[in-house]
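Student: This is the structure I want to talk about, given as structure tokens.
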Amino acid sequence: MLRIISRSPDETLALGRWLGSRLRPGDFVALTGDLGTGKTALATGILAGLGVARTGGSPTFTLLWEYEGRIPVYHWDVYRVDDPAELEDLGYEEYFFSETGVNLVEWADRVRELWPDDVLEIALSYGAGAEERVLAFTGAERYRPLLEELAHAGFGL
Ligand SMILES: Nc1ncnc2c1ncn2[C@@H]1O[C@H](COP(=O)(O)OP(=O)(O)OP(=O)(O)O)[C@@H](O)[C@H]1O
Ligand SMILES: [Mg+2]
């Protein structure tokens with residue numbers, strides 16, 4: 001596991017941009033962590049790094065926003081999902097198991113049983129100061145080169 005401390009919203013955004021610019025087709029990024037820990041802040045950076053110019057707009061369905069960045073992006077916020085079966089009803093597999101797009105899932109732990117095998121989990125939590133957040137990265141083999149590069153990229157120093 002790799003731990004990085006962010007000391008401001010801007011640092012989280014920059015880290016997100018860095019990550020987003022390196023994500024590849026088929027990647028699945030699971031963001032977990034309590035209210036206000038910075039999942040959306042990080043996701044905003046990741047989307048920018050993926051080349052998504054404008055976010056928001058009308059969702060494909062309530063929990064999913066689809067974007068065309070340099071590759072297709074499926075941005076989920078499953079906060080309101082009480083039962084993973086709700087996603088099954090929406091045909092989530094088409095997205096979660098896509099080999100051409102990137103999934104970016106906020107509150108991903110709510111649907112953990114539906115995750116594909118190769119996931120990059122980023123668990124966010126509060127740090128010591130008001131603007132401190134701890135980002136803990138756990139990734140499948142597929143993400144090892146990315147995480148090694150990240151460990152040396154100079155974030156959280
Ligand atoms: N280092 C930091 N990184 C990210 N956000 C920070 C940091 N320090 C303070 N903040 C603040 O914490 C809040 C994070 O909000 P954000 O919406 O990104 O969290 P979230 O995890 O998506 O919350 P929710 O689960 O309610 O959607 C923002 O108000 C942001 O300004
Ligand atoms: Mg959020």
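Here, A, B, ... name the chains of the structure tokens in the order displayed, residue numbers run from 1 inside each chain, and ligands are numbered from 1 in the same displayed order.
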Using only C-alpha atoms and all ligand atoms, find each residue with an atom at most 9 Å away from ligand 1 and format the answer as a VMD selection string.
Tutor: chain A and resid 5 to 13 31 to 44 77 79 106 to 107 124 to 127 129 to 134
Student: Export, as a tab-separated table (two decimals), in the first residue's frame, the selected residues with N, CA, C and O atoms.
Tutor:
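Below is the file result16.tsv, written as the result:
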```tsv
chain	number	residue	atom	x	y	z
A	5	ILE	N	0.01	11.97	1.70
A	5	ILE	CA	-0.74	12.99	2.42
A	5	ILE	C	-0.92	14.20	1.52
A	5	ILE	O	0.03	14.70	0.92
A	6	SER	N	-2.18	14.64	1.40
A	6	SER	CA	-2.48	15.88	0.69
A	6	SER	C	-2.69	16.96	1.74
A	6	SER	O	-3.37	16.74	2.73
A	7	ARG	N	-2.12	18.12	1.51
A	7	ARG	CA	-2.23	19.19	2.50
A	7	ARG	C	-3.13	20.34	2.07
A	7	ARG	O	-3.24	21.34	2.77
A	8	SER	N	-3.77	20.20	0.92
A	8	SER	CA	-4.72	21.23	0.48
A	8	SER	C	-5.58	20.67	-0.65
A	8	SER	O	-5.19	19.71	-1.32
A	9	PRO	N	-6.74	21.29	-0.87
A	9	PRO	CA	-7.57	20.87	-2.01
A	9	PRO	C	-6.79	20.92	-3.33
A	9	PRO	O	-6.96	20.05	-4.19
A	10	ASP	N	-5.94	21.93	-3.48
A	10	ASP	CA	-5.14	22.05	-4.71
A	10	ASP	C	-4.19	20.86	-4.89
A	10	ASP	O	-3.98	20.40	-6.01
A	11	GLU	N	-3.61	20.40	-3.79
A	11	GLU	CA	-2.72	19.24	-3.90
A	11	GLU	C	-3.50	17.99	-4.34
A	11	GLU	O	-3.02	17.20	-5.13
A	12	THR	N	-4.71	17.87	-3.80
A	12	THR	CA	-5.55	16.72	-4.19
A	12	THR	C	-5.91	16.80	-5.67
A	12	THR	O	-5.88	15.81	-6.39
A	13	LEU	N	-6.23	18.01	-6.11
A	13	LEU	CA	-6.56	18.22	-7.51
A	13	LEU	C	-5.37	17.87	-8.41
A	13	LEU	O	-5.51	17.19	-9.44
A	31	LEU	N	-13.01	4.92	-5.41
A	31	LEU	CA	-12.74	5.91	-4.38
A	31	LEU	C	-13.61	5.61	-3.16
A	31	LEU	O	-14.83	5.49	-3.29
A	32	THR	N	-12.96	5.45	-2.02
A	32	THR	CA	-13.70	5.18	-0.79
A	32	THR	C	-13.29	6.19	0.27
A	32	THR	O	-12.24	6.82	0.18
A	33	GLY	N	-14.13	6.34	1.28
A	33	GLY	CA	-13.83	7.29	2.35
A	33	GLY	C	-15.07	8.05	2.76
A	33	GLY	O	-16.01	8.21	1.98
A	34	ASP	N	-15.04	8.56	4.00
A	34	ASP	CA	-16.20	9.22	4.58
A	34	ASP	C	-16.57	10.52	3.86
A	34	ASP	O	-15.81	11.03	3.06
A	35	LEU	N	-17.70	11.05	4.24
A	35	LEU	CA	-18.17	12.35	3.76
A	35	LEU	C	-17.08	13.41	3.89
A	35	LEU	O	-16.47	13.54	4.96
A	36	GLY	N	-16.85	14.14	2.83
A	36	GLY	CA	-15.95	15.29	2.91
A	36	GLY	C	-14.47	14.98	2.91
A	36	GLY	O	-13.64	15.86	3.15
A	37	THR	N	-14.11	13.73	2.64
A	37	THR	CA	-12.68	13.39	2.65
A	37	THR	C	-11.99	13.77	1.34
A	37	THR	O	-10.76	13.72	1.25
A	38	GLY	N	-12.77	14.15	0.31
A	38	GLY	CA	-12.14	14.64	-0.92
A	38	GLY	C	-12.30	13.75	-2.14
A	38	GLY	O	-11.59	13.94	-3.13
A	39	LYS	N	-13.24	12.83	-2.10
A	39	LYS	CA	-13.44	11.94	-3.26
A	39	LYS	C	-13.79	12.73	-4.51
A	39	LYS	O	-13.23	12.50	-5.58
A	40	THR	N	-14.72	13.68	-4.36
A	40	THR	CA	-15.11	14.46	-5.54
A	40	THR	C	-13.99	15.39	-5.98
A	40	THR	O	-13.77	15.58	-7.18
A	41	ALA	N	-13.26	15.94	-5.02
A	41	ALA	CA	-12.10	16.79	-5.36
A	41	ALA	C	-11.08	15.98	-6.17
A	41	ALA	O	-10.59	16.44	-7.21
A	42	LEU	N	-10.80	14.78	-5.72
A	42	LEU	CA	-9.84	13.93	-6.43
A	42	LEU	C	-10.39	13.54	-7.80
A	42	LEU	O	-9.67	13.59	-8.81
A	43	ALA	N	-11.67	13.18	-7.83
A	43	ALA	CA	-12.30	12.78	-9.10
A	43	ALA	C	-12.26	13.93	-10.11
A	43	ALA	O	-12.03	13.71	-11.30
A	44	THR	N	-12.45	15.15	-9.64
A	44	THR	CA	-12.42	16.31	-10.53
A	44	THR	C	-11.05	16.43	-11.20
A	44	THR	O	-10.94	16.69	-12.40
A	77	ASP	N	-21.32	7.95	-8.86
A	77	ASP	CA	-21.40	8.27	-7.45
A	77	ASP	C	-22.52	7.40	-6.89
A	77	ASP	O	-23.70	7.67	-7.11
A	79	TYR	N	-23.30	6.76	-3.79
A	79	TYR	CA	-23.64	7.07	-2.39
A	79	TYR	C	-25.03	6.58	-2.02
A	79	TYR	O	-25.24	6.05	-0.94
A	106	GLU	N	-17.15	6.86	-7.07
A	106	GLU	CA	-17.17	7.42	-5.72
A	106	GLU	C	-18.09	6.59	-4.84
A	106	GLU	O	-19.10	6.10	-5.29
A	107	TRP	N	-17.71	6.45	-3.57
A	107	TRP	CA	-18.43	5.60	-2.61
A	107	TRP	C	-18.43	4.14	-3.07
A	107	TRP	O	-19.39	3.40	-2.85
A	124	LEU	N	-9.66	7.41	1.06
A	124	LEU	CA	-9.36	8.74	1.58
A	124	LEU	C	-9.82	8.85	3.04
A	124	LEU	O	-10.88	8.33	3.40
A	125	SER	N	-9.03	9.53	3.84
A	125	SER	CA	-9.43	9.76	5.24
A	125	SER	C	-8.88	11.10	5.70
A	125	SER	O	-8.03	11.71	5.05
A	126	TYR	N	-9.39	11.55	6.83
A	126	TYR	CA	-8.94	12.83	7.39
A	126	TYR	C	-7.56	12.67	8.01
A	126	TYR	O	-7.26	11.66	8.64
A	127	GLY	N	-6.73	13.71	7.84
A	127	GLY	CA	-5.43	13.73	8.48
A	127	GLY	C	-5.45	14.61	9.71
A	127	GLY	O	-6.52	14.93	10.23
A	129	GLY	N	-4.33	17.95	10.23
A	129	GLY	CA	-4.81	19.32	10.09
A	129	GLY	C	-6.12	19.38	9.33
A	129	GLY	O	-6.53	18.40	8.71
A	130	ALA	N	-6.77	20.54	9.39
A	130	ALA	CA	-8.08	20.71	8.75
A	130	ALA	C	-8.01	20.45	7.25
A	130	ALA	O	-8.96	19.97	6.64
A	131	GLU	N	-6.87	20.77	6.65
A	131	GLU	CA	-6.74	20.60	5.20
A	131	GLU	C	-5.90	19.39	4.84
A	131	GLU	O	-5.40	19.27	3.73
A	132	GLU	N	-5.73	18.51	5.81
A	132	GLU	CA	-4.94	17.32	5.52
A	132	GLU	C	-5.84	16.13	5.21
A	132	GLU	O	-6.84	15.89	5.89
A	133	ARG	N	-5.50	15.40	4.17
A	133	ARG	CA	-6.20	14.18	3.81
A	133	ARG	C	-5.16	13.10	3.53
A	133	ARG	O	-4.12	13.38	2.93
A	134	VAL	N	-5.47	11.89	3.95
A	134	VAL	CA	-4.57	10.77	3.70
A	134	VAL	C	-5.18	9.92	2.58
A	134	VAL	O	-6.34	9.55	2.64
```
Student: Can you pull out the residues contacting Gly69 (chain A)? Cut-off 12 Å, using only C-alpha atoms, and skip same-chain residues under 6 positions away; I want them as number ranges by chain.
Tutor: A: 20-21, 23-25, 46-55, 75, 100-102
Student: Could you write out the selected residues, including all heavy atoms, as a short mmCIF file (atom, residue, chain, number, x, y, z; two decimals), in the first residue's frame?
Tutor:
```
data_model
loop_
_atom_site.label_atom_id
_atom_site.label_comp_id
_atom_site.auth_asym_id
_atom_site.auth_seq_id
_atom_site.Cartn_x
_atom_site.Cartn_y
_atom_site.Cartn_z
N GLY A 20 -5.05 10.97 -13.61
CA GLY A 20 -5.93 10.92 -14.78
C GLY A 20 -5.17 10.90 -16.09
O GLY A 20 -5.57 10.25 -17.05
N SER A 21 -4.06 11.60 -16.11
CA SER A 21 -3.29 11.66 -17.36
C SER A 21 -2.60 10.32 -17.65
O SER A 21 -2.15 10.10 -18.76
CB SER A 21 -2.26 12.79 -17.29
OG SER A 21 -1.24 12.46 -16.37
N LEU A 23 -4.10 7.16 -16.69
CA LEU A 23 -5.03 6.03 -16.72
C LEU A 23 -5.19 5.50 -18.14
O LEU A 23 -5.02 6.24 -19.11
CB LEU A 23 -6.38 6.42 -16.11
CG LEU A 23 -6.34 6.69 -14.60
CD1 LEU A 23 -7.68 7.23 -14.12
CD2 LEU A 23 -5.95 5.43 -13.82
N ARG A 24 -5.50 4.21 -18.23
CA ARG A 24 -5.57 3.53 -19.52
C ARG A 24 -6.93 2.85 -19.68
O ARG A 24 -7.61 2.56 -18.70
CB ARG A 24 -4.48 2.46 -19.59
CG ARG A 24 -3.07 3.01 -19.48
CD ARG A 24 -2.07 1.86 -19.37
NE ARG A 24 -2.28 1.06 -18.18
CZ ARG A 24 -1.92 -0.23 -18.06
NH1 ARG A 24 -1.38 -0.87 -19.08
NH2 ARG A 24 -2.15 -0.89 -16.94
N PRO A 25 -7.30 2.53 -20.92
CA PRO A 25 -8.56 1.83 -21.17
C PRO A 25 -8.64 0.57 -20.29
O PRO A 25 -7.66 -0.17 -20.17
CB PRO A 25 -8.48 1.45 -22.65
CG PRO A 25 -7.61 2.51 -23.24
CD PRO A 25 -6.59 2.85 -22.19
N ILE A 46 -8.90 13.92 -11.59
CA ILE A 46 -8.73 12.75 -12.46
C ILE A 46 -9.43 12.99 -13.80
O ILE A 46 -8.88 12.71 -14.87
CB ILE A 46 -9.26 11.47 -11.77
CG1 ILE A 46 -8.35 11.08 -10.59
CG2 ILE A 46 -9.36 10.31 -12.77
CD1 ILE A 46 -8.86 9.91 -9.74
N LEU A 47 -10.63 13.55 -13.75
CA LEU A 47 -11.37 13.83 -14.99
C LEU A 47 -10.60 14.83 -15.85
O LEU A 47 -10.49 14.66 -17.07
CB LEU A 47 -12.77 14.35 -14.66
CG LEU A 47 -13.73 13.31 -14.07
CD1 LEU A 47 -14.98 13.98 -13.52
CD2 LEU A 47 -14.11 12.26 -15.11
N ALA A 48 -10.06 15.86 -15.21
CA ALA A 48 -9.28 16.84 -15.97
C ALA A 48 -8.08 16.16 -16.62
O ALA A 48 -7.76 16.39 -17.79
CB ALA A 48 -8.82 17.97 -15.05
N GLY A 49 -7.41 15.30 -15.86
CA GLY A 49 -6.25 14.58 -16.39
C GLY A 49 -6.60 13.62 -17.52
O GLY A 49 -5.77 13.29 -18.35
N LEU A 50 -7.85 13.20 -17.53
CA LEU A 50 -8.32 12.32 -18.62
C LEU A 50 -8.75 13.13 -19.83
O LEU A 50 -9.19 12.55 -20.84
CB LEU A 50 -9.49 11.46 -18.13
CG LEU A 50 -9.12 10.21 -17.31
CD1 LEU A 50 -10.32 9.73 -16.50
CD2 LEU A 50 -8.62 9.10 -18.22
N GLY A 51 -8.70 14.44 -19.70
CA GLY A 51 -9.05 15.28 -20.84
C GLY A 51 -10.53 15.59 -20.94
O GLY A 51 -11.01 15.99 -22.00
N VAL A 52 -11.25 15.41 -19.83
CA VAL A 52 -12.66 15.78 -19.82
C VAL A 52 -12.76 17.27 -19.54
O VAL A 52 -12.40 17.74 -18.46
CB VAL A 52 -13.43 14.98 -18.75
CG1 VAL A 52 -14.88 15.44 -18.67
CG2 VAL A 52 -13.35 13.48 -19.04
N ALA A 53 -13.24 18.01 -20.52
CA ALA A 53 -13.22 19.47 -20.42
C ALA A 53 -14.35 19.99 -19.55
O ALA A 53 -14.18 20.92 -18.77
CB ALA A 53 -13.31 20.08 -21.81
N ARG A 54 -15.50 19.39 -19.65
CA ARG A 54 -16.66 19.91 -18.92
C ARG A 54 -17.36 18.76 -18.20
O ARG A 54 -17.70 17.76 -18.80
CB ARG A 54 -17.61 20.56 -19.91
CG ARG A 54 -18.60 21.49 -19.25
CD ARG A 54 -19.38 22.32 -20.27
NE ARG A 54 -18.53 23.25 -21.02
CZ ARG A 54 -18.94 23.90 -22.11
NH1 ARG A 54 -20.14 23.69 -22.61
NH2 ARG A 54 -18.13 24.74 -22.71
N THR A 55 -17.58 18.94 -16.90
CA THR A 55 -18.25 17.87 -16.14
C THR A 55 -19.68 18.29 -15.82
O THR A 55 -20.10 19.39 -16.12
CB THR A 55 -17.47 17.56 -14.85
OG1 THR A 55 -17.36 18.77 -14.09
CG2 THR A 55 -16.08 17.04 -15.16
N HIS A 75 -18.12 7.96 -14.83
CA HIS A 75 -17.98 8.53 -13.49
C HIS A 75 -19.25 8.22 -12.69
O HIS A 75 -20.33 8.69 -13.03
CB HIS A 75 -17.73 10.03 -13.61
CG HIS A 75 -17.57 10.72 -12.28
ND1 HIS A 75 -17.81 12.06 -12.10
CD2 HIS A 75 -17.16 10.25 -11.07
CE1 HIS A 75 -17.58 12.38 -10.83
NE2 HIS A 75 -17.19 11.30 -10.19
N THR A 100 -12.56 -0.59 -22.90
CA THR A 100 -12.20 0.61 -23.66
C THR A 100 -12.26 1.89 -22.83
O THR A 100 -11.62 2.87 -23.16
CB THR A 100 -13.14 0.78 -24.87
OG1 THR A 100 -14.49 0.69 -24.41
CG2 THR A 100 -12.90 -0.29 -25.91
N GLY A 101 -13.05 1.85 -21.77
CA GLY A 101 -13.22 3.06 -20.97
C GLY A 101 -12.57 2.94 -19.60
O GLY A 101 -12.04 1.91 -19.23
N VAL A 102 -12.63 4.05 -18.86
CA VAL A 102 -12.16 4.09 -17.47
C VAL A 102 -13.36 4.28 -16.56
O VAL A 102 -14.21 5.14 -16.81
CB VAL A 102 -11.19 5.27 -17.25
CG1 VAL A 102 -10.96 5.53 -15.77
CG2 VAL A 102 -9.86 5.01 -17.94
#
```
Student: Would you list the contacts of Leu104 (chain A) as a ChimeraX atom specification, taking every protein, DNA or RNA residue within 7 Å and counting only C-alpha atoms, but skipping same-chain residues closer than 3 positions in sequence?
Tutor: /A:28-30,74-76
Student: Store the residues picked out above in a file with C-alpha atoms, as a PDB file, in the first residue's frame.
Tutor:
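Result file part_18.pdb:
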```pdb
ATOM      1  CA  PHE A  28     -11.149   0.897 -12.662  1.00  0.00           C
ATOM      2  CA  VAL A  29     -10.611   3.451  -9.915  1.00  0.00           C
ATOM      3  CA  ALA A  30     -12.562   2.912  -6.695  1.00  0.00           C
ATOM      4  CA  TYR A  74     -17.693   6.413 -16.618  1.00  0.00           C
ATOM      5  CA  HIS A  75     -17.979   8.526 -13.491  1.00  0.00           C
ATOM      6  CA  TRP A  76     -20.201   7.023 -10.795  1.00  0.00           C
TER       7      TRP A  76
END
```
Student: Using only C-alpha atoms, find the one residue out of A:Ala123, A:Ala136, A:Glu149, A:Pro84 that sits nearest to Val111 (chain A).
Tutor: A:Pro84
Student: Just to confirm, what's the straight-line distance from CA of Leu64 (chain A) to CA of Gly45 (chain A) in Å (one decimal)?
Tutor: 17.5 Å
Student: So, with only C-alpha atoms and all ligand atoms as the atoms that count, which of A:Trp115, A:Asp89, A:Val105, A:Leu120 lies closest to ligand 2?
Tutor: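 Closest residue, counting only C-alpha atoms and all ligand atoms: A:Val105.
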Student: Which residue out of A:Glu148, A:Pro116, A:Gly26, A:Arg80 has the minimum interatomic distance to ligand 2 when only C-alpha atoms and all ligand atoms are used?
Tutor: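 For ligand 2, the nearest of the given residues is A:Arg80.
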Student: In Å, with one decimal, what is the gap from CA of Ile4 (chain A) to CA of Leu135 (chain A)?
Tutor: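 Straight-line distance from CA of Ile4 (chain A) to CA of Leu135 (chain A) works out to 5.2 Å.
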Student: Would you list the contacts of Ala140 (chain A) as a ChimeraX atom specification, taking every protein, DNA or RNA residue within 6 Å and counting only C-alpha atoms, but skipping same-chain residues closer than 3 positions in sequence?
Tutor: /A:118-119,143
Student: Take the residues from that selection and write them out as a tab-separated table (two decimals), in the first residue's frame, keeping N, CA, C and O atoms.
Tutor:
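Output below, filename part.tsv:
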```
chain	number	residue	atom	x	y	z
A	118	ASP	N	-9.45	-6.28	-11.28
A	118	ASP	CA	-8.30	-5.38	-11.29
A	118	ASP	C	-8.69	-3.95	-10.96
A	118	ASP	O	-9.01	-3.16	-11.85
A	119	VAL	N	-8.63	-3.66	-9.69
A	119	VAL	CA	-9.10	-2.35	-9.22
A	119	VAL	C	-7.96	-1.57	-8.58
A	119	VAL	O	-7.10	-2.14	-7.90
A	143	TYR	N	-1.66	-2.22	-11.80
A	143	TYR	CA	-1.37	-0.84	-11.44
A	143	TYR	C	0.00	-0.66	-10.81
A	143	TYR	O	0.35	0.42	-10.36
```
Student: Based on the backbone DSSP call, show me all residues of region 3-150 of chain A assigned helix (DSSP H, G or I), as a ChimeraX atom specification.
Tutor: /A:9-20,39-49,85-89,93-96,108-114,141-150
Student: Quick one: distance from CA of Leu146 (chain A) to CA of Trp18 (chain A) in Å, one decimal?
Tutor: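 One can read the CA of Leu146 (chain A) to CA of Trp18 (chain A) distance as 10.5 Å.
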Student: Give me every strand (DSSP E) residue in chain A, going by DSSP on the backbone, as a ChimeraX atom specification.
Tutor: /A:2-6,28-32,64-68,72-77,102-106,120-126,133-139
Student: If you count only C-alpha atoms, which residues fall within 8 Å of Met1 (chain A), apart from same-chain ones fewer than 5 positions away, as a PyMOL selection string?
Tutor: chain A and resi 136-139
Student: May I ask which of the residues A:Val78, A:Leu150, A:Ala85, A:Ala128 is the closest one to ligand 2, counting only C-alpha atoms and all ligand atoms?
Tutor: A:Val78
Student: Using only C-alpha atoms and all ligand atoms, which of the listed residues (A:Leu147, A:Leu114, A:Gly156, A:Ala108) sits closest to ligand 2?
Tutor: A:Ala108
